[in-house]
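S.K.: What follows is data_20.pdb; its format and atoms are PDB, C-alpha atoms.
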```pdb
ATOM      1  CA  MET A   1    -179.803 -56.866 -73.873  1.00  0.00           C
ATOM      2  CA  THR A   2    -180.586 -57.752 -70.284  1.00  0.00           C
ATOM      3  CA  SER A   3    -183.828 -59.256 -69.077  1.00  0.00           C
ATOM      4  CA  PRO A   4    -185.879 -57.996 -66.151  1.00  0.00           C
ATOM      5  CA  ILE A   5    -185.314 -59.534 -62.748  1.00  0.00           C
ATOM      6  CA  SER A   6    -187.908 -62.154 -61.912  1.00  0.00           C
ATOM      7  CA  PRO A   7    -188.763 -63.634 -58.493  1.00  0.00           C
ATOM      8  CA  ARG A   8    -186.603 -66.689 -59.265  1.00  0.00           C
ATOM      9  CA  ASP A   9    -183.573 -64.358 -59.667  1.00  0.00           C
ATOM     10  CA  VAL A  10    -183.783 -63.317 -56.002  1.00  0.00           C
ATOM     11  CA  SER A  11    -182.063 -65.931 -53.857  1.00  0.00           C
ATOM     12  CA  PRO A  12    -183.287 -66.939 -50.390  1.00  0.00           C
ATOM     13  CA  ILE A  13    -180.102 -65.444 -48.937  1.00  0.00           C
ATOM     14  CA  GLN A  14    -181.018 -62.034 -50.349  1.00  0.00           C
ATOM     15  CA  ILE A  15    -184.413 -62.002 -48.653  1.00  0.00           C
ATOM     16  CA  GLN A  16    -183.521 -63.943 -45.513  1.00  0.00           C
ATOM     17  CA  GLY A  17    -184.472 -61.989 -42.422  1.00  0.00           C
ATOM     18  CA  LEU A  18    -186.783 -59.636 -44.322  1.00  0.00           C
ATOM     19  CA  THR A  19    -190.466 -59.225 -43.668  1.00  0.00           C
ATOM     20  CA  LEU A  20    -192.895 -60.239 -46.385  1.00  0.00           C
ATOM     21  CA  GLU A  21    -193.390 -56.602 -47.319  1.00  0.00           C
ATOM     22  CA  GLU A  22    -189.639 -55.954 -47.507  1.00  0.00           C
ATOM     23  CA  ALA A  23    -189.041 -59.112 -49.576  1.00  0.00           C
ATOM     24  CA  MET A  24    -191.774 -58.190 -52.043  1.00  0.00           C
ATOM     25  CA  MET A  25    -190.464 -54.630 -52.275  1.00  0.00           C
ATOM     26  CA  LYS A  26    -186.933 -55.923 -52.906  1.00  0.00           C
ATOM     27  CA  MET A  27    -188.136 -58.170 -55.712  1.00  0.00           C
ATOM     28  CA  GLN A  28    -190.074 -55.337 -57.320  1.00  0.00           C
ATOM     29  CA  LEU A  29    -187.141 -52.922 -56.967  1.00  0.00           C
ATOM     30  CA  ASP A  30    -184.795 -55.472 -58.541  1.00  0.00           C
ATOM     31  CA  ARG A  31    -187.267 -55.899 -61.397  1.00  0.00           C
ATOM     32  CA  ALA A  32    -187.503 -52.114 -61.784  1.00  0.00           C
ATOM     33  CA  ASP A  33    -183.697 -51.864 -61.900  1.00  0.00           C
ATOM     34  CA  GLY A  34    -183.554 -54.501 -64.637  1.00  0.00           C
ATOM     35  CA  LEU A  35    -186.192 -52.673 -66.648  1.00  0.00           C
ATOM     36  CA  GLU A  36    -184.318 -49.415 -66.128  1.00  0.00           C
ATOM     37  CA  VAL A  37    -181.186 -50.929 -67.699  1.00  0.00           C
ATOM     38  CA  GLN A  38    -183.236 -52.196 -70.626  1.00  0.00           C
ATOM     39  CA  LEU A  39    -184.849 -48.799 -71.083  1.00  0.00           C
ATOM     40  CA  LYS A  40    -181.456 -47.094 -71.206  1.00  0.00           C
ATOM     41  CA  ASP A  41    -180.204 -49.623 -73.775  1.00  0.00           C
ATOM     42  CA  TYR A  42    -183.246 -49.105 -75.989  1.00  0.00           C
ATOM     43  CA  MET A  43    -183.097 -45.326 -75.657  1.00  0.00           C
ATOM     44  CA  GLN A  44    -179.461 -45.435 -76.778  1.00  0.00           C
ATOM     45  CA  ARG A  45    -180.402 -47.706 -79.683  1.00  0.00           C
ATOM     46  CA  VAL A  46    -183.173 -45.322 -80.747  1.00  0.00           C
ATOM     47  CA  SER A  47    -180.846 -42.343 -80.414  1.00  0.00           C
ATOM     48  CA  ASP A  48    -178.163 -44.065 -82.504  1.00  0.00           C
ATOM     49  CA  GLY A  49    -180.749 -44.959 -85.137  1.00  0.00           C
ATOM     50  CA  ASN A  50    -181.937 -41.366 -85.292  1.00  0.00           C
ATOM     51  CA  GLY A  51    -178.327 -40.293 -85.828  1.00  0.00           C
ATOM     52  CA  GLU A  52    -177.971 -42.783 -88.683  1.00  0.00           C
ATOM     53  CA  ILE A  53    -181.142 -41.484 -90.329  1.00  0.00           C
ATOM     54  CA  ALA A  54    -179.913 -37.894 -89.955  1.00  0.00           C
ATOM     55  CA  GLY A  55    -176.593 -38.831 -91.583  1.00  0.00           C
ATOM     56  CA  MET A  56    -178.354 -40.546 -94.489  1.00  0.00           C
ATOM     57  CA  ASN A  57    -180.673 -37.546 -94.938  1.00  0.00           C
ATOM     58  CA  LYS A  58    -177.652 -35.234 -94.985  1.00  0.00           C
ATOM     59  CA  LEU A  59    -175.973 -37.412 -97.621  1.00  0.00           C
ATOM     60  CA  LEU A  60    -179.162 -37.447 -99.686  1.00  0.00           C
ATOM     61  CA  THR A  61    -179.375 -33.645 -99.520  1.00  0.00           C
ATOM     62  CA  ASP A  62    -175.720 -33.331-100.534  1.00  0.00           C
ATOM     63  CA  LEU A  63    -176.186 -35.683-103.486  1.00  0.00           C
ATOM     64  CA  ARG A  64    -179.310 -33.862-104.672  1.00  0.00           C
ATOM     65  CA  SER A  65    -177.524 -30.517-104.517  1.00  0.00           C
ATOM     66  CA  LEU A  66    -174.603 -31.820-106.611  1.00  0.00           C
ATOM     67  CA  ARG A  67    -176.712 -33.761-109.144  1.00  0.00           C
ATOM     68  CA  PRO A  68    -176.420 -32.354-112.660  1.00  0.00           C
ATOM     69  CA  SER A  69    -179.545 -30.573-113.845  1.00  0.00           C
ATOM     70  CA  GLY A  70    -181.408 -31.533-116.976  1.00  0.00           C
ATOM     71  CA  ASP A  71    -182.290 -34.874-118.485  1.00  0.00           C
ATOM     72  CA  ALA A  72    -178.913 -36.014-119.839  1.00  0.00           C
ATOM     73  CA  ALA A  73    -178.317 -39.236-117.904  1.00  0.00           C
ATOM     74  CA  ASP A  74    -174.665 -39.366-118.996  1.00  0.00           C
ATOM     75  CA  GLN A  75    -173.859 -35.814-117.880  1.00  0.00           C
ATOM     76  CA  ARG A  76    -171.181 -35.797-115.179  1.00  0.00           C
ATOM     77  CA  ALA A  77    -170.930 -33.636-112.069  1.00  0.00           C
ATOM     78  CA  ASN A  78    -168.216 -33.305-109.425  1.00  0.00           C
ATOM     79  CA  LEU A  79    -168.789 -34.827-105.993  1.00  0.00           C
ATOM     80  CA  GLY A  80    -167.444 -31.682-104.347  1.00  0.00           C
ATOM     81  CA  SER A  81    -165.991 -28.242-104.915  1.00  0.00           C
ATOM     82  CA  SER A  82    -162.456 -29.437-104.206  1.00  0.00           C
ATOM     83  CA  GLN A  83    -160.460 -32.619-104.521  1.00  0.00           C
ATOM     84  CA  GLN A  84    -160.721 -33.279-100.759  1.00  0.00           C
ATOM     85  CA  ALA A  85    -164.471 -32.550-100.677  1.00  0.00           C
ATOM     86  CA  GLY A  86    -164.956 -35.001-103.556  1.00  0.00           C
ATOM     87  CA  ARG A  87    -162.946 -37.692-101.782  1.00  0.00           C
ATOM     88  CA  ASP A  88    -164.856 -37.114 -98.546  1.00  0.00           C
ATOM     89  CA  LEU A  89    -168.233 -37.420-100.262  1.00  0.00           C
ATOM     90  CA  CYS A  90    -167.079 -40.502-102.165  1.00  0.00           C
ATOM     91  CA  GLN A  91    -166.068 -42.086 -98.846  1.00  0.00           C
ATOM     92  CA  ARG A  92    -169.432 -41.202 -97.269  1.00  0.00           C
ATOM     93  CA  ILE A  93    -171.160 -42.858-100.238  1.00  0.00           C
ATOM     94  CA  LYS A  94    -169.095 -46.009 -99.751  1.00  0.00           C
ATOM     95  CA  ASP A  95    -169.662 -45.955 -95.970  1.00  0.00           C
ATOM     96  CA  ALA A  96    -173.423 -45.747 -96.569  1.00  0.00           C
ATOM     97  CA  GLY A  97    -173.179 -48.964 -98.583  1.00  0.00           C
ATOM     98  CA  LEU A  98    -174.354 -47.410-101.832  1.00  0.00           C
ATOM     99  CA  THR A  99    -173.576 -49.092-105.142  1.00  0.00           C
ATOM    100  CA  MET A 100    -170.403 -47.868-106.784  1.00  0.00           C
ATOM    101  CA  PRO A 101    -170.804 -48.195-110.563  1.00  0.00           C
ATOM    102  CA  THR A 102    -168.172 -49.852-112.729  1.00  0.00           C
ATOM    103  CA  GLY A 103    -167.141 -49.632-116.354  1.00  0.00           C
ATOM    104  CA  LEU A 104    -168.106 -46.486-118.269  1.00  0.00           C
ATOM    105  CA  ASP A 105    -170.233 -45.267-115.356  1.00  0.00           C
ATOM    106  CA  GLU A 106    -167.373 -45.531-112.842  1.00  0.00           C
ATOM    107  CA  VAL A 107    -166.890 -42.716-110.341  1.00  0.00           C
ATOM    108  CA  SER A 108    -163.493 -41.295-111.155  1.00  0.00           C
ATOM    109  CA  GLU A 109    -161.092 -38.395-110.624  1.00  0.00           C
ATOM    110  CA  ALA A 110    -160.305 -38.087-114.317  1.00  0.00           C
ATOM    111  CA  GLY A 111    -160.171 -34.632-115.886  1.00  0.00           C
ATOM    112  CA  THR A 112    -160.555 -32.146-113.009  1.00  0.00           C
ATOM    113  CA  GLY A 113    -158.909 -34.312-110.366  1.00  0.00           C
ATOM    114  CA  ILE A 114    -162.193 -34.246-108.410  1.00  0.00           C
ATOM    115  CA  TYR A 115    -164.357 -37.332-108.175  1.00  0.00           C
ATOM    116  CA  SER A 116    -167.285 -37.089-110.577  1.00  0.00           C
ATOM    117  CA  ALA A 117    -170.275 -39.254-111.378  1.00  0.00           C
ATOM    118  CA  LYS A 118    -172.958 -39.414-114.032  1.00  0.00           C
ATOM    119  CA  GLN A 119    -176.446 -38.078-113.464  1.00  0.00           C
ATOM    120  CA  LYS A 120    -177.929 -41.578-113.590  1.00  0.00           C
ATOM    121  CA  THR A 121    -175.497 -42.607-110.830  1.00  0.00           C
ATOM    122  CA  PHE A 122    -176.725 -39.724-108.655  1.00  0.00           C
ATOM    123  CA  ASP A 123    -180.300 -40.924-109.285  1.00  0.00           C
ATOM    124  CA  VAL A 124    -179.450 -44.534-108.335  1.00  0.00           C
ATOM    125  CA  TRP A 125    -177.747 -43.356-105.144  1.00  0.00           C
ATOM    126  CA  ALA A 126    -180.752 -41.192-104.222  1.00  0.00           C
ATOM    127  CA  GLU A 127    -183.147 -44.132-104.666  1.00  0.00           C
ATOM    128  CA  GLU A 128    -180.904 -46.480-102.660  1.00  0.00           C
ATOM    129  CA  LEU A 129    -180.645 -43.925 -99.861  1.00  0.00           C
ATOM    130  CA  LYS A 130    -184.402 -43.381 -99.769  1.00  0.00           C
ATOM    131  CA  GLY A 131    -184.868 -47.142 -99.400  1.00  0.00           C
ATOM    132  CA  LYS A 132    -182.306 -47.322 -96.598  1.00  0.00           C
ATOM    133  CA  ILE A 133    -183.897 -44.350 -94.818  1.00  0.00           C
ATOM    134  CA  ASP A 134    -187.372 -45.929 -95.072  1.00  0.00           C
ATOM    135  CA  ALA A 135    -186.094 -49.267 -93.760  1.00  0.00           C
ATOM    136  CA  LYS A 136    -184.315 -47.604 -90.845  1.00  0.00           C
ATOM    137  CA  ALA A 137    -187.384 -45.475 -90.055  1.00  0.00           C
ATOM    138  CA  ASN A 138    -189.536 -48.628 -89.921  1.00  0.00           C
ATOM    139  CA  SER A 139    -187.019 -50.261 -87.608  1.00  0.00           C
ATOM    140  CA  GLN A 140    -187.064 -47.134 -85.448  1.00  0.00           C
ATOM    141  CA  GLN A 141    -190.854 -47.334 -85.171  1.00  0.00           C
ATOM    142  CA  MET A 142    -190.614 -50.922 -83.930  1.00  0.00           C
ATOM    143  CA  ASP A 143    -187.939 -49.925 -81.412  1.00  0.00           C
ATOM    144  CA  MET A 144    -190.145 -47.065 -80.199  1.00  0.00           C
ATOM    145  CA  LEU A 145    -193.024 -49.506 -79.660  1.00  0.00           C
ATOM    146  CA  ARG A 146    -190.728 -51.803 -77.652  1.00  0.00           C
ATOM    147  CA  LEU A 147    -189.477 -48.806 -75.686  1.00  0.00           C
ATOM    148  CA  GLN A 148    -193.046 -47.790 -74.916  1.00  0.00           C
ATOM    149  CA  GLY A 149    -193.874 -51.340 -73.800  1.00  0.00           C
ATOM    150  CA  MET A 150    -190.878 -51.420 -71.456  1.00  0.00           C
ATOM    151  CA  SER A 151    -191.801 -48.039 -70.062  1.00  0.00           C
ATOM    152  CA  ASN A 152    -195.305 -49.350 -69.378  1.00  0.00           C
ATOM    153  CA  LYS A 153    -193.861 -52.413 -67.601  1.00  0.00           C
ATOM    154  CA  ARG A 154    -191.640 -50.162 -65.493  1.00  0.00           C
ATOM    155  CA  ASN A 155    -194.635 -48.009 -64.575  1.00  0.00           C
ATOM    156  CA  GLU A 156    -196.569 -51.162 -63.637  1.00  0.00           C
ATOM    157  CA  VAL A 157    -193.748 -52.198 -61.300  1.00  0.00           C
ATOM    158  CA  PHE A 158    -193.908 -48.868 -59.495  1.00  0.00           C
ATOM    159  CA  GLU A 159    -197.694 -49.046 -59.384  1.00  0.00           C
ATOM    160  CA  ILE A 160    -197.457 -52.525 -57.830  1.00  0.00           C
ATOM    161  CA  MET A 161    -194.991 -51.220 -55.238  1.00  0.00           C
ATOM    162  CA  THR A 162    -197.270 -48.286 -54.434  1.00  0.00           C
ATOM    163  CA  ASN A 163    -200.267 -50.591 -54.086  1.00  0.00           C
ATOM    164  CA  LEU A 164    -198.232 -52.967 -51.934  1.00  0.00           C
ATOM    165  CA  VAL A 165    -197.218 -50.190 -49.549  1.00  0.00           C
ATOM    166  CA  LYS A 166    -200.807 -48.952 -49.427  1.00  0.00           C
ATOM    167  CA  LYS A 167    -202.224 -52.445 -48.703  1.00  0.00           C
ATOM    168  CA  MET A 168    -199.637 -53.133 -46.005  1.00  0.00           C
ATOM    169  CA  SER A 169    -200.350 -49.756 -44.419  1.00  0.00           C
ATOM    170  CA  GLU A 170    -204.087 -50.456 -44.473  1.00  0.00           C
ATOM    171  CA  ALA A 171    -203.501 -53.898 -42.978  1.00  0.00           C
ATOM    172  CA  ARG A 172    -201.440 -52.397 -40.138  1.00  0.00           C
ATOM    173  CA  ALA A 173    -204.092 -49.752 -39.520  1.00  0.00           C
ATOM    174  CA  THR A 174    -206.784 -52.454 -39.364  1.00  0.00           C
ATOM    175  CA  ILE A 175    -204.697 -54.576 -36.954  1.00  0.00           C
ATOM    176  CA  LEU A 176    -204.087 -51.552 -34.715  1.00  0.00           C
ATOM    177  CA  ALA A 177    -207.782 -50.634 -34.809  1.00  0.00           C
ATOM    178  CA  ASN A 178    -208.675 -54.189 -33.737  1.00  0.00           C
ATOM    179  CA  PHE A 179    -206.392 -53.873 -30.690  1.00  0.00           C
ATOM    180  CA  ARG A 180    -208.272 -50.818 -29.454  1.00  0.00           C
TER     181      ARG A 180
END
```
Turn this file's structure into structure tokens for me.
M.R.:
Amino acid sequence: MTSPISPRDVSPIQIQGLTLEEAMMKMQLDRADGLEVQLKDYMQRVSDGNGEIAGMNKLLTDLRSLRPSGDAADQRANLGSSQQAGRDLCQRIKDAGLTMPTGLDEVSEAGTGIYSAKQKTFDVWAEELKGKIDAKANSQQMDMLRLQGMSNKRNEVFEIMTNLVKKMSEARATILANFR
């Protein structure tokens, strides 16, 4: 992440030969450019996070739709309608960092040749996913607050530039009026 440009980042060579107004405008424009880069980075981060949450929600929906009905915790259900669909879902589960059970509860291709898991495994995965979604959503809220703060700083920079131009214009008008 980059930091905004501060007055100490503008070298004397960069402002040499400029009027006070031009030098101040250059510093503020450089600061605005730095904030613009930061804003783009944060917006991309927020967008990526939203994509992650959408993917986890999709996985959660898929798992809930495949979960065996009833109360038999040891009842098994396939992870897909075909061998490839089962493998794909199993890979998505692993990619999401969900716990893969071992021993008697192991996810396996035995019997039908399609990955299957027990009902209690589906329930554990759903709870883990809900926790991951909540954690990511909280992180997203913090990123949105930072994004809002940076946007406010950027707006302040442009407000300062506008005020600077207005003050310099008023000063020139006063000087010209004094000559008359």
S.K.: Tell me, as JSON, numbers by chain, which residues lie within 10 Å of stretch 142-145 of chain A, counting all atoms listed in the file; anything in the same chain fewer than 6 positions away does not count.
M.R.: {"A": [42, 43, 45, 46, 49, 136, 151]}
S.K.: Limited to C-alpha atoms, could you put the picked residues into a file as an mmCIF file, keeping the file's coordinate frame?
M.R.:
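Saved file selection-v6.cif follows:
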```cif
data_model
loop_
_atom_site.group_PDB
_atom_site.id
_atom_site.type_symbol
_atom_site.label_atom_id
_atom_site.label_comp_id
_atom_site.auth_asym_id
_atom_site.auth_seq_id
_atom_site.Cartn_x
_atom_site.Cartn_y
_atom_site.Cartn_z
ATOM 1 C CA TYR A 42 -183.246 -49.105 -75.989
ATOM 2 C CA MET A 43 -183.097 -45.326 -75.657
ATOM 3 C CA ARG A 45 -180.402 -47.706 -79.683
ATOM 4 C CA VAL A 46 -183.173 -45.322 -80.747
ATOM 5 C CA GLY A 49 -180.749 -44.959 -85.137
ATOM 6 C CA LYS A 136 -184.315 -47.604 -90.845
ATOM 7 C CA SER A 151 -191.801 -48.039 -70.062
#
```
S.K.: Quick check on the file I pasted: which residues fall under the PyMOL selection byres ((chain A and resi 62) around 12)? Write them as a list of chain:residue names.
M.R.: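 Here the PyMOL selection byres ((chain A and resi 62) around 12) matches A:Gly55, A:Met56, A:Asn57, A:Lys58, A:Leu59, A:Leu60, A:Thr61, A:Leu63, A:Arg64, A:Ser65, A:Leu66, A:Arg67, A:Asn78, A:Leu79, A:Gly80, A:Ser81, A:Ala85, A:Gly86, A:Asp88, A:Leu89, A:Cys90, A:Arg92, A:Ile93, A:Phe122, A:Trp125, A:Ala126, A:Leu129.
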S.K.: Would you put the residues from that selection into a file with C-alpha atoms, as a PDB file, in the coordinates of the input?
M.R.:
```
ATOM      1  CA  GLY A  55    -176.593 -38.831 -91.583  1.00  0.00           C
ATOM      2  CA  MET A  56    -178.354 -40.546 -94.489  1.00  0.00           C
ATOM      3  CA  ASN A  57    -180.673 -37.546 -94.938  1.00  0.00           C
ATOM      4  CA  LYS A  58    -177.652 -35.234 -94.985  1.00  0.00           C
ATOM      5  CA  LEU A  59    -175.973 -37.412 -97.621  1.00  0.00           C
ATOM      6  CA  LEU A  60    -179.162 -37.447 -99.686  1.00  0.00           C
ATOM      7  CA  THR A  61    -179.375 -33.645 -99.520  1.00  0.00           C
ATOM      8  CA  LEU A  63    -176.186 -35.683-103.486  1.00  0.00           C
ATOM      9  CA  ARG A  64    -179.310 -33.862-104.672  1.00  0.00           C
ATOM     10  CA  SER A  65    -177.524 -30.517-104.517  1.00  0.00           C
ATOM     11  CA  LEU A  66    -174.603 -31.820-106.611  1.00  0.00           C
ATOM     12  CA  ARG A  67    -176.712 -33.761-109.144  1.00  0.00           C
ATOM     13  CA  ASN A  78    -168.216 -33.305-109.425  1.00  0.00           C
ATOM     14  CA  LEU A  79    -168.789 -34.827-105.993  1.00  0.00           C
ATOM     15  CA  GLY A  80    -167.444 -31.682-104.347  1.00  0.00           C
ATOM     16  CA  SER A  81    -165.991 -28.242-104.915  1.00  0.00           C
ATOM     17  CA  ALA A  85    -164.471 -32.550-100.677  1.00  0.00           C
ATOM     18  CA  GLY A  86    -164.956 -35.001-103.556  1.00  0.00           C
ATOM     19  CA  ASP A  88    -164.856 -37.114 -98.546  1.00  0.00           C
ATOM     20  CA  LEU A  89    -168.233 -37.420-100.262  1.00  0.00           C
ATOM     21  CA  CYS A  90    -167.079 -40.502-102.165  1.00  0.00           C
ATOM     22  CA  ARG A  92    -169.432 -41.202 -97.269  1.00  0.00           C
ATOM     23  CA  ILE A  93    -171.160 -42.858-100.238  1.00  0.00           C
ATOM     24  CA  PHE A 122    -176.725 -39.724-108.655  1.00  0.00           C
ATOM     25  CA  TRP A 125    -177.747 -43.356-105.144  1.00  0.00           C
ATOM     26  CA  ALA A 126    -180.752 -41.192-104.222  1.00  0.00           C
ATOM     27  CA  LEU A 129    -180.645 -43.925 -99.861  1.00  0.00           C
TER      28      LEU A 129
END
```
S.K.: Enter the distance from atom CA of A:Arg154 to atom CA of A:Arg31, in Å, rounded to one decimal.
M.R.: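 Distance between the two atoms: 8.3 Å.
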S.K.: What separation in Å, quoted to one decimal, exists between atom CA of A:Tyr115 and atom CA of A:Gln83?
M.R.: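 Pair atom CA of A:Tyr115 / atom CA of A:Gln83 returns 7.1 Å.
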S.K.: Using all atoms listed in the file, pick whichever of A:Ala23, A:Ala54, A:Ala177, A:Leu29 has the shortest atom-to-atom distance to A:Val157.
M.R.: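 Closest to A:Val157 of all the choices is A:Leu29.
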S.K.: Tell me, in Å to one decimal, how far atom CA of A:Gln44 is from atom CA of A:Met27.
M.R.: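 These atoms are spaced 26.1 Å apart.
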S.K.: Rank nothing, just name the residue among A:Ala117, A:Ala32, A:Ile160, A:Ile175 nearest to A:Gly103, using all atoms listed in the file.
M.R.: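 So, comparing all the options, the nearest one is A:Ala117.
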S.K.: For a quick check of understanding, using only C-alpha atoms, which of A:Ala171, A:Leu176, A:Met150, A:Leu104 has the smallest distance to A:Gly34?
M.R.: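 With only C-alpha atoms as the atom set, the closest residue is A:Met150.
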S.K.: Take the structure in the block and write a file for stretch 63-135 of chain A, C-alpha atoms, as a JSON list (two decimals), in the first residue's frame.
M.R.:
```json
[["chain", "number", "residue", "atom", "x", "y", "z"],
["A", 63, "LEU", "CA", -23.54, -28.00, 0.78],
["A", 64, "ARG", "CA", -26.97, -27.31, 2.27],
["A", 65, "SER", "CA", -28.68, -28.55, -0.88],
["A", 66, "LEU", "CA", -26.70, -31.82, -0.84],
["A", 67, "ARG", "CA", -26.96, -32.44, 2.93],
["A", 68, "PRO", "CA", -28.93, -35.58, 3.76],
["A", 69, "SER", "CA", -32.33, -34.87, 5.27],
["A", 70, "GLY", "CA", -33.41, -36.21, 8.62],
["A", 71, "ASP", "CA", -31.61, -36.59, 11.91],
["A", 72, "ALA", "CA", -29.31, -39.55, 11.19],
["A", 73, "ALA", "CA", -25.86, -38.03, 11.69],
["A", 74, "ASP", "CA", -24.16, -41.03, 10.07],
["A", 75, "GLN", "CA", -26.29, -40.95, 6.91],
["A", 76, "ARG", "CA", -24.14, -40.34, 3.83],
["A", 77, "ALA", "CA", -24.87, -38.19, 0.79],
["A", 78, "ASN", "CA", -22.97, -37.68, -2.47],
["A", 79, "LEU", "CA", -21.08, -34.43, -3.01],
["A", 80, "GLY", "CA", -22.44, -34.19, -6.54],
["A", 81, "SER", "CA", -24.61, -35.83, -9.16],
["A", 82, "SER", "CA", -21.61, -37.21, -11.03],
["A", 83, "GLN", "CA", -18.09, -38.33, -10.24],
["A", 84, "GLN", "CA", -16.64, -35.08, -11.66],
["A", 85, "ALA", "CA", -19.15, -32.89, -9.80],
["A", 86, "GLY", "CA", -18.25, -34.69, -6.56],
["A", 87, "ARG", "CA", -14.53, -34.18, -7.16],
["A", 88, "ASP", "CA", -15.08, -30.51, -7.99],
["A", 89, "LEU", "CA", -17.08, -29.89, -4.82],
["A", 90, "CYS", "CA", -14.53, -31.80, -2.75],
["A", 91, "GLN", "CA", -11.79, -29.57, -4.18],
["A", 92, "ARG", "CA", -13.81, -26.41, -3.42],
["A", 93, "ILE", "CA", -14.22, -27.64, 0.17],
["A", 94, "LYS", "CA", -10.47, -28.15, 0.47],
["A", 95, "ASP", "CA", -9.74, -24.78, -1.18],
["A", 96, "ALA", "CA", -12.04, -23.08, 1.35],
["A", 97, "GLY", "CA", -9.89, -24.54, 4.13],
["A", 98, "LEU", "CA", -12.67, -26.61, 5.64],
["A", 99, "THR", "CA", -11.85, -29.57, 7.87],
["A", 100, "MET", "CA", -11.64, -32.87, 6.04],
["A", 101, "PRO", "CA", -12.66, -35.65, 8.45],
["A", 102, "THR", "CA", -10.56, -38.77, 8.91],
["A", 103, "GLY", "CA", -11.23, -42.32, 10.03],
["A", 104, "LEU", "CA", -14.80, -43.60, 9.78],
["A", 105, "ASP", "CA", -16.07, -40.12, 8.87],
["A", 106, "GLU", "CA", -13.66, -39.75, 5.94],
["A", 107, "VAL", "CA", -14.96, -38.29, 2.69],
["A", 108, "SER", "CA", -14.57, -41.06, 0.17],
["A", 109, "GLU", "CA", -15.50, -42.32, -3.29],
["A", 110, "ALA", "CA", -16.38, -45.78, -2.04],
["A", 111, "GLY", "CA", -19.53, -47.46, -3.33],
["A", 112, "THR", "CA", -20.92, -45.15, -6.04],
["A", 113, "GLY", "CA", -17.57, -43.78, -7.17],
["A", 114, "ILE", "CA", -18.79, -40.29, -6.19],
["A", 115, "TYR", "CA", -17.37, -38.54, -3.16],
["A", 116, "SER", "CA", -19.77, -38.78, -0.23],
["A", 117, "ALA", "CA", -19.81, -37.47, 3.31],
["A", 118, "LYS", "CA", -21.83, -38.03, 6.45],
["A", 119, "GLN", "CA", -24.56, -35.66, 7.54],
["A", 120, "LYS", "CA", -22.56, -34.56, 10.58],
["A", 121, "THR", "CA", -19.68, -33.66, 8.23],
["A", 122, "PHE", "CA", -22.02, -31.46, 6.17],
["A", 123, "ASP", "CA", -23.10, -29.76, 9.43],
["A", 124, "VAL", "CA", -19.48, -29.15, 10.51],
["A", 125, "TRP", "CA", -18.64, -27.69, 7.10],
["A", 126, "ALA", "CA", -21.69, -25.40, 7.22],
["A", 127, "GLU", "CA", -20.70, -24.07, 10.67],
["A", 128, "GLU", "CA", -17.07, -23.54, 9.60],
["A", 129, "LEU", "CA", -18.20, -21.68, 6.49],
["A", 130, "LYS", "CA", -20.57, -19.46, 8.45],
["A", 131, "GLY", "CA", -17.68, -18.53, 10.75],
["A", 132, "LYS", "CA", -15.41, -17.76, 7.81],
["A", 133, "ILE", "CA", -18.13, -15.68, 6.13],
["A", 134, "ASP", "CA", -18.74, -13.70, 9.34],
["A", 135, "ALA", "CA", -15.02, -13.07, 9.82]]
```
